[in-house]
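Encoded as structure tokens, the structure appears first; notes follow it.
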Amino acid sequence: MFMADIAGVRVLYTGDYSCEEDCHLCAAEILQFSLYFNSEKMAKTIRRLAEKTPEVGETVSGFLVKKAFTYQIMALDDLHVFSQLSTENISLRITIAYSGAFGVLKHRLKQIFESVESLPYEESEGPAFRVHERLTVKYESEKHISLHWRSDPISVMVSDSVIISILLILILITSYC
């Protein structure tokens, strides 16, 4: 179906893709109408977020869930109620063969990263330091160090870059020996 405007006369062509002739409707038979769309979206808070009414201008944060044409905002803790999903915190650990001086490693990582802080000996059960408050590097033995971090996106990026830095330091150490 399409409309043609020829010399000020509008004609609507309709067809059913059959062998019959198309039907032609003159402009007098065509009704004009307007549709108005509202661009605002409304989301309903549910469960824990709905327990307290937010003040005007207060930020509400959570997960936005779209179901059919409705939007709902829910807390992370309520996600398992409405879906089959669950959240877990996973602690990750990797042990790397490192025979260099632990102080040299800390010094090199301080040159690369903004935040490298020593941990108290009692807290870490040996020499250790923390990078960006997310990754802990521990001295395990003369030939090993271990890295510990939680599985969130930023910690994984920090751990990947620290592991690559350690491997590059090992390459530099072995190339000079």
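By order of appearance in the structure tokens: chains A, B, ..., then residues from 1 within every chain, and ligands from 1 in the order shown.
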Counting only C-alpha atoms, which residues of segment 76-159 of chain A fall within 12 Å of segment 165-171 of chain A, and what is the closest atom pair for each with its distance in Å at one decimal, ordered by chain and rising number, as JSON lines?
{"residue": "A:Thr95", "atom": "CA", "partner": "A:Ile166", "partner_atom": "CA", "distance": 11.6}
{"residue": "A:Ile96", "atom": "CA", "partner": "A:Ile166", "partner_atom": "CA", "distance": 8.7}
{"residue": "A:Ala97", "atom": "CA", "partner": "A:Leu170", "partner_atom": "CA", "distance": 9.2}
{"residue": "A:Tyr98", "atom": "CA", "partner": "A:Leu170", "partner_atom": "CA", "distance": 7.2}
{"residue": "A:Ser99", "atom": "CA", "partner": "A:Leu170", "partner_atom": "CA", "distance": 8.5}
{"residue": "A:Gly100", "atom": "CA", "partner": "A:Leu170", "partner_atom": "CA", "distance": 7.8}
{"residue": "A:Ala101", "atom": "CA", "partner": "A:Leu170", "partner_atom": "CA", "distance": 10.9}
{"residue": "A:Phe102", "atom": "CA", "partner": "A:Ile166", "partner_atom": "CA", "distance": 11.0}
{"residue": "A:Val104", "atom": "CA", "partner": "A:Ile169", "partner_atom": "CA", "distance": 9.4}
{"residue": "A:Leu105", "atom": "CA", "partner": "A:Ile166", "partner_atom": "CA", "distance": 7.4}
{"residue": "A:Lys106", "atom": "CA", "partner": "A:Ile166", "partner_atom": "CA", "distance": 10.0}
{"residue": "A:His107", "atom": "CA", "partner": "A:Ile169", "partner_atom": "CA", "distance": 11.2}
{"residue": "A:Arg108", "atom": "CA", "partner": "A:Ile169", "partner_atom": "CA", "distance": 8.1}
{"residue": "A:Leu109", "atom": "CA", "partner": "A:Ser165", "partner_atom": "CA", "distance": 7.5}
{"residue": "A:Lys110", "atom": "CA", "partner": "A:Ser165", "partner_atom": "CA", "distance": 11.1}
{"residue": "A:Gln111", "atom": "CA", "partner": "A:Ser165", "partner_atom": "CA", "distance": 10.8}
{"residue": "A:Ile112", "atom": "CA", "partner": "A:Ser165", "partner_atom": "CA", "distance": 8.5}
{"residue": "A:Phe113", "atom": "CA", "partner": "A:Ser165", "partner_atom": "CA", "distance": 10.3}
{"residue": "A:Val137", "atom": "CA", "partner": "A:Ile166", "partner_atom": "CA", "distance": 10.7}
{"residue": "A:Lys143", "atom": "CA", "partner": "A:Leu170", "partner_atom": "CA", "distance": 11.9}
{"residue": "A:His144", "atom": "CA", "partner": "A:Ile166", "partner_atom": "CA", "distance": 11.7}
{"residue": "A:Ile145", "atom": "CA", "partner": "A:Ile166", "partner_atom": "CA", "distance": 10.1}
{"residue": "A:Ser146", "atom": "CA", "partner": "A:Ile166", "partner_atom": "CA", "distance": 11.2}
{"residue": "A:Leu147", "atom": "CA", "partner": "A:Ile166", "partner_atom": "CA", "distance": 10.8}
{"residue": "A:Val158", "atom": "CA", "partner": "A:Ser165", "partner_atom": "CA", "distance": 10.5}
{"residue": "A:Ser159", "atom": "CA", "partner": "A:Ser165", "partner_atom": "CA", "distance": 9.7}
Near-Leu119 of chain A list (10 Å; only C-alpha atoms; drop same-chain fewer than 5 positions) as an mmCIF file with all heavy atoms, in the first residue's frame:
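For reference, out.cif as written:
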data_model
loop_
_atom_site.group_PDB
_atom_site.id
_atom_site.type_symbol
_atom_site.label_atom_id
_atom_site.label_comp_id
_atom_site.auth_asym_id
_atom_site.auth_seq_id
_atom_site.Cartn_x
_atom_site.Cartn_y
_atom_site.Cartn_z
ATOM 1 N N SER A 124 49.129 -10.299 56.657
ATOM 2 C CA SER A 124 49.371 -11.097 55.458
ATOM 3 C C SER A 124 50.221 -12.334 55.700
ATOM 4 O O SER A 124 50.491 -13.078 54.768
ATOM 5 C CB SER A 124 50.054 -10.226 54.399
ATOM 6 O OG SER A 124 51.278 -9.742 54.903
ATOM 7 N N GLU A 125 50.652 -12.536 56.928
ATOM 8 C CA GLU A 125 51.483 -13.704 57.272
ATOM 9 C C GLU A 125 52.750 -13.765 56.435
ATOM 10 O O GLU A 125 53.130 -14.800 55.926
ATOM 11 C CB GLU A 125 50.678 -14.989 57.129
ATOM 12 C CG GLU A 125 49.455 -15.055 58.006
ATOM 13 C CD GLU A 125 48.587 -16.264 57.694
ATOM 14 O OE1 GLU A 125 48.954 -17.068 56.829
ATOM 15 O OE2 GLU A 125 47.534 -16.377 58.326
ATOM 16 N N GLY A 126 53.407 -12.653 56.267
ATOM 17 C CA GLY A 126 54.639 -12.565 55.497
ATOM 18 C C GLY A 126 54.669 -11.280 54.712
ATOM 19 O O GLY A 126 53.717 -10.500 54.722
ATOM 20 N N PRO A 127 55.759 -11.025 53.988
ATOM 21 C CA PRO A 127 55.842 -9.812 53.177
ATOM 22 C C PRO A 127 54.747 -9.800 52.109
ATOM 23 O O PRO A 127 54.521 -10.793 51.427
ATOM 24 C CB PRO A 127 57.220 -9.883 52.532
ATOM 25 C CG PRO A 127 57.974 -10.903 53.306
ATOM 26 C CD PRO A 127 56.982 -11.824 53.912
ATOM 27 N N ALA A 128 54.060 -8.665 52.004
ATOM 28 C CA ALA A 128 52.994 -8.539 51.013
ATOM 29 C C ALA A 128 52.697 -7.065 50.769
ATOM 30 O O ALA A 128 53.026 -6.211 51.594
ATOM 31 C CB ALA A 128 51.730 -9.252 51.486
ATOM 32 N N PHE A 129 52.107 -6.796 49.631
ATOM 33 C CA PHE A 129 51.649 -5.438 49.340
ATOM 34 C C PHE A 129 50.382 -5.514 48.501
ATOM 35 O O PHE A 129 50.063 -6.545 47.916
ATOM 36 C CB PHE A 129 52.736 -4.602 48.649
ATOM 37 C CG PHE A 129 53.284 -5.185 47.380
ATOM 38 C CD1 PHE A 129 52.684 -4.932 46.154
ATOM 39 C CD2 PHE A 129 54.425 -5.976 47.409
ATOM 40 C CE1 PHE A 129 53.198 -5.450 44.990
ATOM 41 C CE2 PHE A 129 54.945 -6.505 46.239
ATOM 42 C CZ PHE A 129 54.327 -6.242 45.025
ATOM 43 N N ARG A 130 49.650 -4.405 48.496
ATOM 44 C CA ARG A 130 48.380 -4.341 47.773
ATOM 45 C C ARG A 130 48.473 -3.306 46.656
ATOM 46 O O ARG A 130 48.994 -2.221 46.868
ATOM 47 C CB ARG A 130 47.254 -3.977 48.742
ATOM 48 C CG ARG A 130 45.897 -3.999 48.077
ATOM 49 C CD ARG A 130 44.762 -4.028 49.058
ATOM 50 N NE ARG A 130 44.713 -5.361 49.648
ATOM 51 C CZ ARG A 130 44.425 -5.604 50.916
ATOM 52 N NH1 ARG A 130 44.158 -4.618 51.731
ATOM 53 N NH2 ARG A 130 44.389 -6.821 51.376
ATOM 54 N N THR A 136 46.341 -8.348 46.030
ATOM 55 C CA THR A 136 47.384 -8.555 47.024
ATOM 56 C C THR A 136 48.468 -9.446 46.433
ATOM 57 O O THR A 136 48.176 -10.509 45.883
ATOM 58 C CB THR A 136 46.808 -9.223 48.294
ATOM 59 O OG1 THR A 136 45.742 -8.414 48.788
ATOM 60 C CG2 THR A 136 47.865 -9.385 49.355
ATOM 61 N N VAL A 137 49.726 -8.995 46.534
ATOM 62 C CA VAL A 137 50.883 -9.767 46.082
ATOM 63 C C VAL A 137 51.609 -10.233 47.335
ATOM 64 O O VAL A 137 52.009 -9.421 48.161
ATOM 65 C CB VAL A 137 51.829 -8.922 45.197
ATOM 66 C CG1 VAL A 137 53.015 -9.752 44.734
ATOM 67 C CG2 VAL A 137 51.079 -8.347 44.004
ATOM 68 N N LYS A 138 51.743 -11.568 47.497
ATOM 69 C CA LYS A 138 52.378 -12.139 48.695
ATOM 70 C C LYS A 138 53.662 -12.873 48.314
ATOM 71 O O LYS A 138 53.731 -13.545 47.291
ATOM 72 C CB LYS A 138 51.442 -13.146 49.379
ATOM 73 C CG LYS A 138 50.265 -12.533 50.082
ATOM 74 C CD LYS A 138 49.482 -13.608 50.806
ATOM 75 C CE LYS A 138 48.311 -13.013 51.544
ATOM 76 N NZ LYS A 138 47.544 -14.035 52.240
#
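Of the residues under consideration (A:Ser61, A:Thr174, A:Asn89, A:Ser115), A:Ser61 shows the shortest atom-to-atom contact distance to Arg48 of chain A when counting only C-alpha atoms.
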(request) Check the DSSP output for the backbone and give back, as JSON, numbers by chain, the residues of segment 132-171 of chain A in helix (DSSP H, G or I). (result) {"A": [153, 154, 155, 156, 157, 158, 159, 160, 161, 162, 163, 164, 165, 166, 167, 168, 169, 170, 171]}
Using only C-alpha atoms, please write the residues we just selected to a file, as a PDB file, in the first residue's frame.
ATOM      1  CA  PRO A 153      35.926  -6.396  36.281  1.00  0.00           C
ATOM      2  CA  ILE A 154      38.304  -3.776  37.701  1.00  0.00           C
ATOM      3  CA  SER A 155      40.210  -6.269  39.865  1.00  0.00           C
ATOM      4  CA  VAL A 156      40.590  -8.595  36.883  1.00  0.00           C
ATOM      5  CA  MET A 157      42.032  -5.740  34.785  1.00  0.00           C
ATOM      6  CA  VAL A 158      44.473  -4.846  37.583  1.00  0.00           C
ATOM      7  CA  SER A 159      45.481  -8.493  38.047  1.00  0.00           C
ATOM      8  CA  ASP A 160      46.025  -8.987  34.301  1.00  0.00           C
ATOM      9  CA  SER A 161      48.266  -5.937  34.096  1.00  0.00           C
ATOM     10  CA  VAL A 162      50.222  -6.937  37.231  1.00  0.00           C
ATOM     11  CA  ILE A 163      50.744 -10.471  35.893  1.00  0.00           C
ATOM     12  CA  ILE A 164      51.999  -9.106  32.570  1.00  0.00           C
ATOM     13  CA  SER A 165      54.282  -6.675  34.420  1.00  0.00           C
ATOM     14  CA  ILE A 166      55.716  -9.496  36.534  1.00  0.00           C
ATOM     15  CA  LEU A 167      56.327 -11.612  33.435  1.00  0.00           C
ATOM     16  CA  LEU A 168      58.068  -8.687  31.728  1.00  0.00           C
ATOM     17  CA  ILE A 169      60.231  -8.167  34.844  1.00  0.00           C
ATOM     18  CA  LEU A 170      61.135 -11.874  34.728  1.00  0.00           C
ATOM     19  CA  ILE A 171      62.080 -11.554  31.062  1.00  0.00           C
TER      20      ILE A 171
END
(message) For a quick check of understanding, using only C-alpha atoms, which of A:Val56, A:Val65, A:Leu76, A:Ile90 has the smallest distance to Met42 of chain A?
(response)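 Of A:Val56, A:Val65, A:Leu76, A:Ile90, the one nearest Met42 of chain A, counting only C-alpha atoms, is A:Val65.
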(message) Between atom CA of Tyr176 of chain A and atom CA of Ser118 of chain A, what distance in Å does the model show, to one decimal?
(response)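 Atom-to-atom, atom CA of Tyr176 of chain A to atom CA of Ser118 of chain A, that is 27.9 Å.
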(message) Between A:Val81, A:Leu64, A:Ile94, A:Val116, which residue has the minimum interatomic distance to Glu140 of chain A, considering only C-alpha atoms?
(response) A:Ile94
(message) Report as a list in words all protein, DNA and RNA residues lying within 12 Å of Val60 of chain A, evaluated on only C-alpha atoms, omitting residues in the same chain fewer than 3 positions from it.
(response)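 Within the cut-off, the hits are Ala43, Lys44, Thr45, Ile46, Arg48, Leu49, Ala50, Lys52, Thr53, Pro54, Glu55, Val56, Gly57, Phe63, Leu64, Gln72, Ile73, Met74 and Ala75 of chain A.
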(message) Show me, as a ChimeraX atom specification, the residues that have an atom within 6 Å of His148 of chain A when counting only C-alpha atoms, minus same-chain residues fewer than 2 positions from it.
(response) /A:92-93,135-136
